[in-house]
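**Student:** Have a look at the structure that comes next, please.
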Amino acid sequence: MSIMNRTPSARRTAARAARAGLTARALCAVAAIGLTSAGCARAEVVTLERTGQPITVHRPALYPETIEYDGSRGKFLVSSFREGAIYAVDGDGGVSRVVDDPRLCSVLGIAVDAERGRLWAVSSDLGASVKPSAAGPKNLAAVGVYDLATGKAIHYVDLAPLSPGAHLVNGIALDSAGNAYVTDSFAPTIYKVDPQGNAAVFLRDEQFTGEGINLNGVVVHPDGYLLVVKKSDGTLFKVPLANPSRFSRVDVAERFVGGDGLTLVGRKDLVVVANQAAGVASNAAFSLSSEDGWSTARLRAVERLGDVYPTTGVLRDGKLYVIHSKLNELIQSSPEQRERLRVEATIQQIGSAAL
């Protein structure tokens with residue numbers, strides 16, 4: 001639990017201790033006079049608190065799903081669900097197009113491989129893009145790989161033949177060797193695509209099935225496993241890279257229904273951005289931590305974000321940001337209504353991380 005999420009009396013106690021120059025160990029010693037014992041396990045790494053002025057993305061009806069950060073540009077990157085493209089966003093909300101591949105339909109997950117100068121993009125079709133796919137809604141499953149500096153296409157990989165049935169490829173994460181791991185929200189499947197564009201089923205299991213959108217956000221942990229959230233019921237999974245069939249559920253008391261984006265902070269902290277699913281409107285960021293390699297985890301803080309349908313987050317220079325544009329309204333609208341939707345996306349700082 002961060003200081004910002006304690007009771008008023010606990011915050012006052014913590015503030016007095018901080019002014020006195022007490023260490024984290026000394027702060028634990030004053031737990032009896034107001035601090036909760038949860039705050040004494042270790043110093044906080046992630047603090048959740050909305051701060052600063054939000055950035056309005058000055059391109060109406062972009063409907064971004066994923067936000068990333070490109071250190072080479074010093075700008076955010078956002079994927080467009082509606083336009084099937086990727087844009088860079090500066091600190092004033094100005095946009096410039098980075099990737100414009102006619103084969104892309106709705107771009108969901110994106111990932112930056114700074115070491116290799118690459119930008120990965122996941123493409124699906126839910127019938128809400130201005131560039132409908134030839135495969136049709138719920139049939140497209142593709143990944144594009146692009147030069148980070150120029151946007152030039154390097155690979156375009158069709159994943160649909162690897163797994164039968166409907167598809168909504170959604171989240172993507174990269175390991176240190178440049179391999180990509182892609183979740184499918186409709187097929188109970190995680191795919192692996194190597195740097196040469198060769199694709200295979202990494203893991204398929206019926207535990208990933210459910211109503212609506214299932215496997216979603218994914219991150220690669222530096223100790224050799226994936227952390228994946230299942231949106232429909234809020235379950236968090238740990239999947240070993242060397243032996244994916246030995247995957248397990250992370251033992252955590254809460255379920256993060258609507259879980260969409262995951263942001264890993266160091267090795268022991270994770271931020272889950274959740275919106276809505278199964279009749280539950282979470283619309284919040286959850287800070288979790290683990291002391292045993294994500295066999296178990298505990299919830300440390302929650303930041304409620306309001307009725308904005310937040311999707312994903314990113315860590316930039318020690319600050320945590322989320323993006324939202326009420327993407328659900330675009331997906332649920334009729335073709336006639338879609339033409340009138342002009343929402344501008346918002347990038348909001350929701351906290352910070354001690355790196």
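The chains in the structure tokens are called A, B, ... from first to last as shown; in each chain the residues are counted from 1, and the ligands are counted from 1 in the order shown.
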Pick out each residue of region 194-295 of chain A that DSSP on the backbone tags as strand (DSSP E or B); I need them as a ChimeraX atom specification.

**Tutor:** /A:199-204,215-221,225-230,235-240,248-249,251,259-265,269-277,280-289

**Student:** Between CA of Arg249 (chain A) and CA of Gly212 (chain A), what distance in Å does the model show, to one decimal?

**Tutor:**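 Here the two named atoms are 19.8 Å from each other.
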
**Student:** May I ask which of the residues A:Arg255, A:His155, A:Arg118, A:Arg340 is the closest one to Asn198 (chain A), counting only C-alpha atoms?

**Tutor:** A:His155

**Student:** Would you kindly return, as a PDB file with N, CA, C and O atoms, in the first residue's frame, each protein, DNA or RNA residue with an atom no farther than 8 Å from any atom of region 274-281 of chain A, considering only C-alpha atoms and excluding same-chain residues fewer than 6 positions away?

**Tutor:**
```pdb
ATOM      1  N   GLU A 211     -15.915 -16.502 -21.636  1.00  0.00           N
ATOM      2  CA  GLU A 211     -16.853 -15.630 -22.330  1.00  0.00           C
ATOM      3  C   GLU A 211     -16.173 -14.311 -22.685  1.00  0.00           C
ATOM      4  O   GLU A 211     -15.461 -13.730 -21.869  1.00  0.00           O
ATOM      5  N   GLY A 212     -16.384 -13.848 -23.901  1.00  0.00           N
ATOM      6  CA  GLY A 212     -15.863 -12.545 -24.298  1.00  0.00           C
ATOM      7  C   GLY A 212     -14.369 -12.568 -24.558  1.00  0.00           C
ATOM      8  O   GLY A 212     -13.818 -13.517 -25.130  1.00  0.00           O
ATOM      9  N   ILE A 213     -13.692 -11.527 -24.110  1.00  0.00           N
ATOM     10  CA  ILE A 213     -12.254 -11.353 -24.342  1.00  0.00           C
ATOM     11  C   ILE A 213     -11.492 -12.035 -23.212  1.00  0.00           C
ATOM     12  O   ILE A 213     -11.719 -11.753 -22.040  1.00  0.00           O
ATOM     13  N   LYS A 231      -8.634 -11.326 -19.295  1.00  0.00           N
ATOM     14  CA  LYS A 231      -9.542 -10.209 -19.058  1.00  0.00           C
ATOM     15  C   LYS A 231     -10.902 -10.637 -18.519  1.00  0.00           C
ATOM     16  O   LYS A 231     -11.472  -9.980 -17.642  1.00  0.00           O
ATOM     17  N   SER A 232     -11.449 -11.719 -19.028  1.00  0.00           N
ATOM     18  CA  SER A 232     -12.821 -12.089 -18.695  1.00  0.00           C
ATOM     19  C   SER A 232     -13.028 -12.392 -17.224  1.00  0.00           C
ATOM     20  O   SER A 232     -14.100 -12.119 -16.676  1.00  0.00           O
ATOM     21  N   ASP A 233     -12.016 -12.952 -16.563  1.00  0.00           N
ATOM     22  CA  ASP A 233     -12.186 -13.263 -15.141  1.00  0.00           C
ATOM     23  C   ASP A 233     -11.087 -12.686 -14.251  1.00  0.00           C
ATOM     24  O   ASP A 233     -11.097 -12.896 -13.033  1.00  0.00           O
ATOM     25  N   PHE A 256      -8.592  -9.424 -11.286  1.00  0.00           N
ATOM     26  CA  PHE A 256      -8.565  -8.136 -11.950  1.00  0.00           C
ATOM     27  C   PHE A 256      -9.418  -8.197 -13.221  1.00  0.00           C
ATOM     28  O   PHE A 256      -8.905  -8.169 -14.344  1.00  0.00           O
ATOM     29  N   VAL A 257     -10.727  -8.303 -13.000  1.00  0.00           N
ATOM     30  CA  VAL A 257     -11.671  -8.429 -14.107  1.00  0.00           C
ATOM     31  C   VAL A 257     -11.567  -7.182 -14.991  1.00  0.00           C
ATOM     32  O   VAL A 257     -11.541  -6.052 -14.503  1.00  0.00           O
ATOM     33  N   GLY A 258     -11.514  -7.408 -16.294  1.00  0.00           N
ATOM     34  CA  GLY A 258     -11.284  -6.310 -17.221  1.00  0.00           C
ATOM     35  C   GLY A 258      -9.815  -6.031 -17.445  1.00  0.00           C
ATOM     36  O   GLY A 258      -9.461  -5.080 -18.146  1.00  0.00           O
ATOM     37  N   GLY A 259      -8.929  -6.885 -16.875  1.00  0.00           N
ATOM     38  CA  GLY A 259      -7.487  -6.673 -17.012  1.00  0.00           C
ATOM     39  C   GLY A 259      -7.072  -6.610 -18.463  1.00  0.00           C
ATOM     40  O   GLY A 259      -7.323  -7.523 -19.243  1.00  0.00           O
ATOM     41  N   ASP A 260      -6.417  -5.515 -18.831  1.00  0.00           N
ATOM     42  CA  ASP A 260      -6.065  -5.257 -20.231  1.00  0.00           C
ATOM     43  C   ASP A 260      -4.556  -5.121 -20.393  1.00  0.00           C
ATOM     44  O   ASP A 260      -3.908  -5.969 -20.984  1.00  0.00           O
ATOM     45  N   GLY A 261      -3.980  -4.056 -19.857  1.00  0.00           N
ATOM     46  CA  GLY A 261      -2.552  -3.814 -20.018  1.00  0.00           C
ATOM     47  C   GLY A 261      -1.758  -4.174 -18.782  1.00  0.00           C
ATOM     48  O   GLY A 261      -2.212  -3.989 -17.655  1.00  0.00           O
ATOM     49  N   TYR A 309     -12.681   3.850 -19.620  1.00  0.00           N
ATOM     50  CA  TYR A 309     -12.237   2.629 -20.298  1.00  0.00           C
ATOM     51  C   TYR A 309     -10.726   2.686 -20.610  1.00  0.00           C
ATOM     52  O   TYR A 309     -10.298   2.693 -21.761  1.00  0.00           O
ATOM     53  N   PRO A 310      -9.889   2.738 -19.563  1.00  0.00           N
ATOM     54  CA  PRO A 310      -8.443   2.728 -19.788  1.00  0.00           C
ATOM     55  C   PRO A 310      -8.012   1.383 -20.353  1.00  0.00           C
ATOM     56  O   PRO A 310      -8.592   0.344 -20.025  1.00  0.00           O
ATOM     57  N   THR A 311      -7.004   1.396 -21.201  1.00  0.00           N
ATOM     58  CA  THR A 311      -6.593   0.146 -21.842  1.00  0.00           C
ATOM     59  C   THR A 311      -5.197  -0.304 -21.428  1.00  0.00           C
ATOM     60  O   THR A 311      -5.029  -1.419 -20.938  1.00  0.00           O
TER      61      THR A 311
END
```
